[in-house]
Amino acid sequence: MIGQPDVPALPGSTIRRSRWRWTASRREAAWGWAFISPWIVGFVLFTAIPMAMALYFSLTDFDLRRPDDVRFVGLANYEQILRDPNVAQSLSITLRFAVLTIPPTIALSVGLAMLLNSPRLVGRRAFRTLFYMPTQIPLVASTLIWIGVLNEETGWVNGLLAIVGLQGPDWLNDPVWVLPSLGIVGLWGIGAMMLIALAGLQGIPSELYDAAKVDGAGAWTTLRRITLPLLTPVLFYSLLISCVGVSQYFIQAYVLTNGQPDASTLFYNVNLYREAFSFNQLGYASALAWVLFLIVLGLAILLFWSSSRWVYYAGEKR
């Protein structure tokens with residue numbers, strides 16, 4: 001300041017201050033590592049090491065019936081994957097199921113979120129709880145319930161169709177209807193995705209809707225110009241999680257159909273499970289698991305690459 005003489009720094013004060021700052025930064029880093037260390041230990045023990053072991057086993061002829069005789073075969077398991085018709089069939093079924101279920105699942109979850117976000121809906125908090133509750137039921141238990149619901153003779157679905165004069169199909173034993181049946185079972189548990197979409201809707205500034213209303217924008221214009229663009233991060237997340245979920249689809253298909261009828265529900269993970277625990281070919285199953293990992297990784301990279309073209313983040317400059 002003007003009129004105040006410059007005070008010379010004490011000898012060594014700059015060094016002591018820099019040492020204190022360096023020590024404080026190291027202390028913060030140490031606390032950070034301490035807080036994330038449980039996750040690191042869990043990741044190493046339950047993800048990294050099993051993945052490394054699966055990669056090793058994928059290069060061997062590992063039969064569970066003779067665990068002491070593990071022979072190294074190189075890339076023979078991966079060559080067998082290229083010739084195995086079950087692999088191509090399971091990939092095709094998984095892809096068709098993804099195309100059949102992912103779009104309506106995301107659309108229905110967003111639609112329910114918009115409905116439950118409306119201030120005009122009476123009892124919307126109760127409805128939010130009701131729609132989310134199915135996600136808290138153990139997956140195997142809820143799947144067993146659906147066996148009765150979709151029963152051809154005594155199921156509720158065919159009973160409701162009979163009331164309106166329609167003959168319901170054999171949902172779980174007809175190759176034409178079994179994939180849509182599994183899709184219906186999956187739609188029952190969209191509460192988590194609906195909750196994420198609801199959070200995204202509530203994060204959109206209300207001032208934008210007020211301005212659109214003043215400008216005379218209708219419901220469709222508001223949806224197309226405001227809601228959906230600002231909801232694209234949530235849509236991107238839902239799409240990514242849905243793709244990963246379909247690639248890991250197993251429990252419902254295994255409990256309801258176990259790959260039947262006529263191998264029409266032989267999903268990739270069902271085929272992998274059979275190779276590992278029905279045919280005891282753990283080496284070949286490990287190769288299947290790594291191929292699935294590479295497919296999902298490539299799909300995730302493709303989605304992230306395409307996100308710059310259609311995902312909009314508020315405040316982002318274009």
# chains A, B, ... in the order shown; residues from 1 in each chain; ligands from 1
call {"tool": "closest_atom_pairs", "arguments": {"of": "range 106-208 of chain A", "to": "range 304-315 of chain A", "cutoff": "12 Å", "atoms": "only C-alpha atoms", "output": "CSV"}}
result
residue,atom,partner,partner_atom,distance
A:Gly200,CA,A:Tyr313,CA,11.6
A:Gly203,CA,A:Ala314,CA,10.2
A:Ile204,CA,A:Ala314,CA,9.1
A:Pro205,CA,A:Ala314,CA,10.1
A:Leu208,CA,A:Ala314,CA,12.0
call {"tool": "residues_around", "arguments": {"residues": "range 70-79 of chain A", "least_positions_apart": "3", "cutoff": "12 Å", "atoms": "only C-alpha atoms", "output": "number ranges by chain"}}
result
A: 55-67, 82-84, 87, 275, 281-292
call {"tool": "write_last_selection", "arguments": {"atoms": "N, CA and C atoms", "output": "short mmCIF file (atom, residue, chain, number, x, y, z; two decimals), in the first residue's frame"}}
result
data_model
loop_
_atom_site.label_atom_id
_atom_site.label_comp_id
_atom_site.auth_asym_id
_atom_site.auth_seq_id
_atom_site.Cartn_x
_atom_site.Cartn_y
_atom_site.Cartn_z
N LEU A 55 -8.44 -64.25 -18.14
CA LEU A 55 -7.63 -64.12 -19.35
C LEU A 55 -6.63 -65.27 -19.45
N TYR A 56 -6.04 -65.65 -18.33
CA TYR A 56 -5.12 -66.79 -18.35
C TYR A 56 -5.84 -68.08 -18.70
N PHE A 57 -6.99 -68.31 -18.05
CA PHE A 57 -7.74 -69.55 -18.31
C PHE A 57 -8.25 -69.60 -19.75
N SER A 58 -8.51 -68.44 -20.35
CA SER A 58 -8.99 -68.44 -21.73
C SER A 58 -7.95 -68.95 -22.70
N LEU A 59 -6.71 -69.01 -22.27
CA LEU A 59 -5.63 -69.53 -23.11
C LEU A 59 -5.28 -70.97 -22.76
N THR A 60 -6.13 -71.63 -21.97
CA THR A 60 -5.85 -72.99 -21.54
C THR A 60 -7.04 -73.90 -21.83
N ASP A 61 -6.79 -75.17 -21.73
CA ASP A 61 -7.85 -76.18 -21.79
C ASP A 61 -8.16 -76.59 -20.36
N PHE A 62 -9.01 -75.81 -19.71
CA PHE A 62 -9.31 -76.02 -18.29
C PHE A 62 -10.67 -76.67 -18.16
N ASP A 63 -10.66 -77.94 -17.78
CA ASP A 63 -11.88 -78.71 -17.56
C ASP A 63 -12.08 -78.86 -16.06
N LEU A 64 -13.28 -78.48 -15.55
CA LEU A 64 -13.53 -78.57 -14.11
C LEU A 64 -13.48 -80.00 -13.59
N ARG A 65 -13.64 -80.99 -14.47
CA ARG A 65 -13.60 -82.37 -14.04
C ARG A 65 -12.18 -82.84 -13.79
N ARG A 66 -11.19 -82.12 -14.32
CA ARG A 66 -9.78 -82.45 -14.09
C ARG A 66 -9.01 -81.15 -13.83
N PRO A 67 -9.24 -80.54 -12.66
CA PRO A 67 -8.62 -79.24 -12.37
C PRO A 67 -7.11 -79.30 -12.27
N LEU A 82 -15.06 -68.65 -33.15
CA LEU A 82 -15.40 -68.25 -34.52
C LEU A 82 -16.14 -69.36 -35.27
N ARG A 83 -15.94 -70.62 -34.84
CA ARG A 83 -16.59 -71.74 -35.54
C ARG A 83 -17.82 -72.24 -34.82
N ASP A 84 -18.07 -71.77 -33.60
CA ASP A 84 -19.16 -72.30 -32.78
C ASP A 84 -20.48 -71.65 -33.21
N VAL A 87 -22.43 -69.59 -30.48
CA VAL A 87 -21.97 -68.24 -30.18
C VAL A 87 -22.67 -67.24 -31.10
N GLU A 275 -21.48 -73.54 -20.95
CA GLU A 275 -20.13 -74.02 -21.27
C GLU A 275 -19.30 -74.20 -20.00
N GLN A 281 -16.35 -76.70 -19.35
CA GLN A 281 -15.27 -76.12 -20.16
C GLN A 281 -14.98 -74.70 -19.68
N LEU A 282 -14.28 -74.59 -18.56
CA LEU A 282 -14.04 -73.29 -17.97
C LEU A 282 -13.09 -72.45 -18.81
N GLY A 283 -12.15 -73.07 -19.48
CA GLY A 283 -11.24 -72.32 -20.35
C GLY A 283 -11.97 -71.67 -21.51
N TYR A 284 -12.84 -72.45 -22.16
CA TYR A 284 -13.62 -71.92 -23.27
C TYR A 284 -14.60 -70.85 -22.79
N ALA A 285 -15.21 -71.06 -21.61
CA ALA A 285 -16.12 -70.06 -21.06
C ALA A 285 -15.39 -68.77 -20.73
N SER A 286 -14.16 -68.86 -20.26
CA SER A 286 -13.36 -67.66 -19.99
C SER A 286 -13.09 -66.89 -21.27
N ALA A 287 -12.84 -67.60 -22.35
CA ALA A 287 -12.66 -66.93 -23.64
C ALA A 287 -13.95 -66.24 -24.08
N LEU A 288 -15.09 -66.90 -23.87
CA LEU A 288 -16.38 -66.26 -24.18
C LEU A 288 -16.58 -64.99 -23.36
N ALA A 289 -16.19 -65.04 -22.09
CA ALA A 289 -16.34 -63.87 -21.22
C ALA A 289 -15.47 -62.72 -21.71
N TRP A 290 -14.26 -62.99 -22.16
CA TRP A 290 -13.40 -61.92 -22.64
C TRP A 290 -13.87 -61.37 -23.97
N VAL A 291 -14.44 -62.20 -24.80
CA VAL A 291 -15.02 -61.69 -26.05
C VAL A 291 -16.18 -60.76 -25.74
N LEU A 292 -17.02 -61.14 -24.78
CA LEU A 292 -18.13 -60.28 -24.39
C LEU A 292 -17.62 -58.95 -23.83
#
call {"tool": "closest_atom_pairs", "arguments": {"of": "range 98-149 of chain A", "to": "range 161-171 of chain A", "cutoff": "12 Å", "atoms": "only C-alpha atoms", "output": "CSV"}}
result
residue,atom,partner,partner_atom,distance
A:Trp146,CA,A:Trp171,CA,10.6
A:Ile147,CA,A:Trp171,CA,9.5
A:Gly148,CA,A:Trp171,CA,10.9
A:Val149,CA,A:Trp171,CA,9.9
call {"tool": "write_last_selection", "arguments": {"atoms": "N, CA and C atoms", "output": "compact mmCIF listing (two decimals), in the first residue's frame"}}
result
# COMPACT_ATOMS: atom_id res chain seq x y z
N TRP A 146 -43.55 -64.16 -12.14
CA TRP A 146 -43.97 -63.98 -13.53
C TRP A 146 -44.25 -65.30 -14.24
N ILE A 147 -43.71 -66.40 -13.72
CA ILE A 147 -44.06 -67.70 -14.31
C ILE A 147 -45.56 -67.94 -14.17
N GLY A 148 -46.11 -67.58 -13.03
CA GLY A 148 -47.55 -67.72 -12.84
C GLY A 148 -48.35 -66.69 -13.60
N VAL A 149 -47.84 -65.46 -13.66
CA VAL A 149 -48.56 -64.40 -14.35
C VAL A 149 -48.69 -64.70 -15.85
call {"tool": "select_by_dssp", "arguments": {"residues": "range 115-219 of chain A", "states": "helix (DSSP H, G or I)", "output": "VMD selection string"}}
result
chain A and resid 115 to 116 124 to 136 139 to 149 156 to 163 178 to 187 191 to 202 206 to 214 219
call {"tool": "select_by_dssp", "arguments": {"residues": "range 37-283 of chain A", "states": "strand (DSSP E or B)", "output": "MDAnalysis selection string"}}
result
chainID A and resid 60:61 63 71:72 281
call {"tool": "closest_residue", "arguments": {"among": "A:Ala107, A:Ala300, A:Leu150, A:Ile226", "to": "Ala211 in chain A", "atoms": "only C-alpha atoms"}}
result
A:Ile226
call {"tool": "closest_residue", "arguments": {"among": "A:Gln202, A:Ile40, A:Pro180, A:Asn158", "to": "Pro119 in chain A", "atoms": "only C-alpha atoms"}}
result
A:Gln202
call {"tool": "closest_atom_pairs", "arguments": {"of": "range 52-161 of chain A", "to": "range 255-263 of chain A", "cutoff": "12 Å", "atoms": "only C-alpha atoms", "output": "Markdown table"}}
result
| residue | atom | partner | partner_atom | distance |
| --- | --- | --- | --- | --- |
| A:Pro85 | CA | A:Ala263 | CA | 11.8 |
| A:Asn86 | CA | A:Ala263 | CA | 9.2 |
| A:Val87 | CA | A:Ala263 | CA | 11.9 |
| A:Gln89 | CA | A:Ala263 | CA | 8.8 |
| A:Ser90 | CA | A:Ala263 | CA | 8.8 |
| A:Ser92 | CA | A:Ala263 | CA | 11.7 |
| A:Ile93 | CA | A:Ala263 | CA | 9.4 |
| A:Thr94 | CA | A:Gly259 | CA | 11.7 |
| A:Leu139 | CA | A:Val255 | CA | 9.9 |
| A:Val140 | CA | A:Val255 | CA | 7.3 |
| A:Ala141 | CA | A:Val255 | CA | 9.8 |
| A:Ser142 | CA | A:Val255 | CA | 10.4 |
| A:Thr143 | CA | A:Leu256 | CA | 7.0 |
| A:Leu144 | CA | A:Leu256 | CA | 7.4 |
| A:Ile145 | CA | A:Leu256 | CA | 10.1 |
| A:Trp146 | CA | A:Leu256 | CA | 8.3 |
| A:Ile147 | CA | A:Leu256 | CA | 6.7 |
| A:Gly148 | CA | A:Leu256 | CA | 10.4 |
| A:Val149 | CA | A:Leu256 | CA | 11.7 |
| A:Leu150 | CA | A:Leu256 | CA | 10.2 |
| A:Asn151 | CA | A:Leu256 | CA | 11.1 |
call {"tool": "atom_distance", "arguments": {"atom1": "CA of Ala48 in chain A", "atom2": "CA of Phe293 in chain A"}}
result
13.1 Å
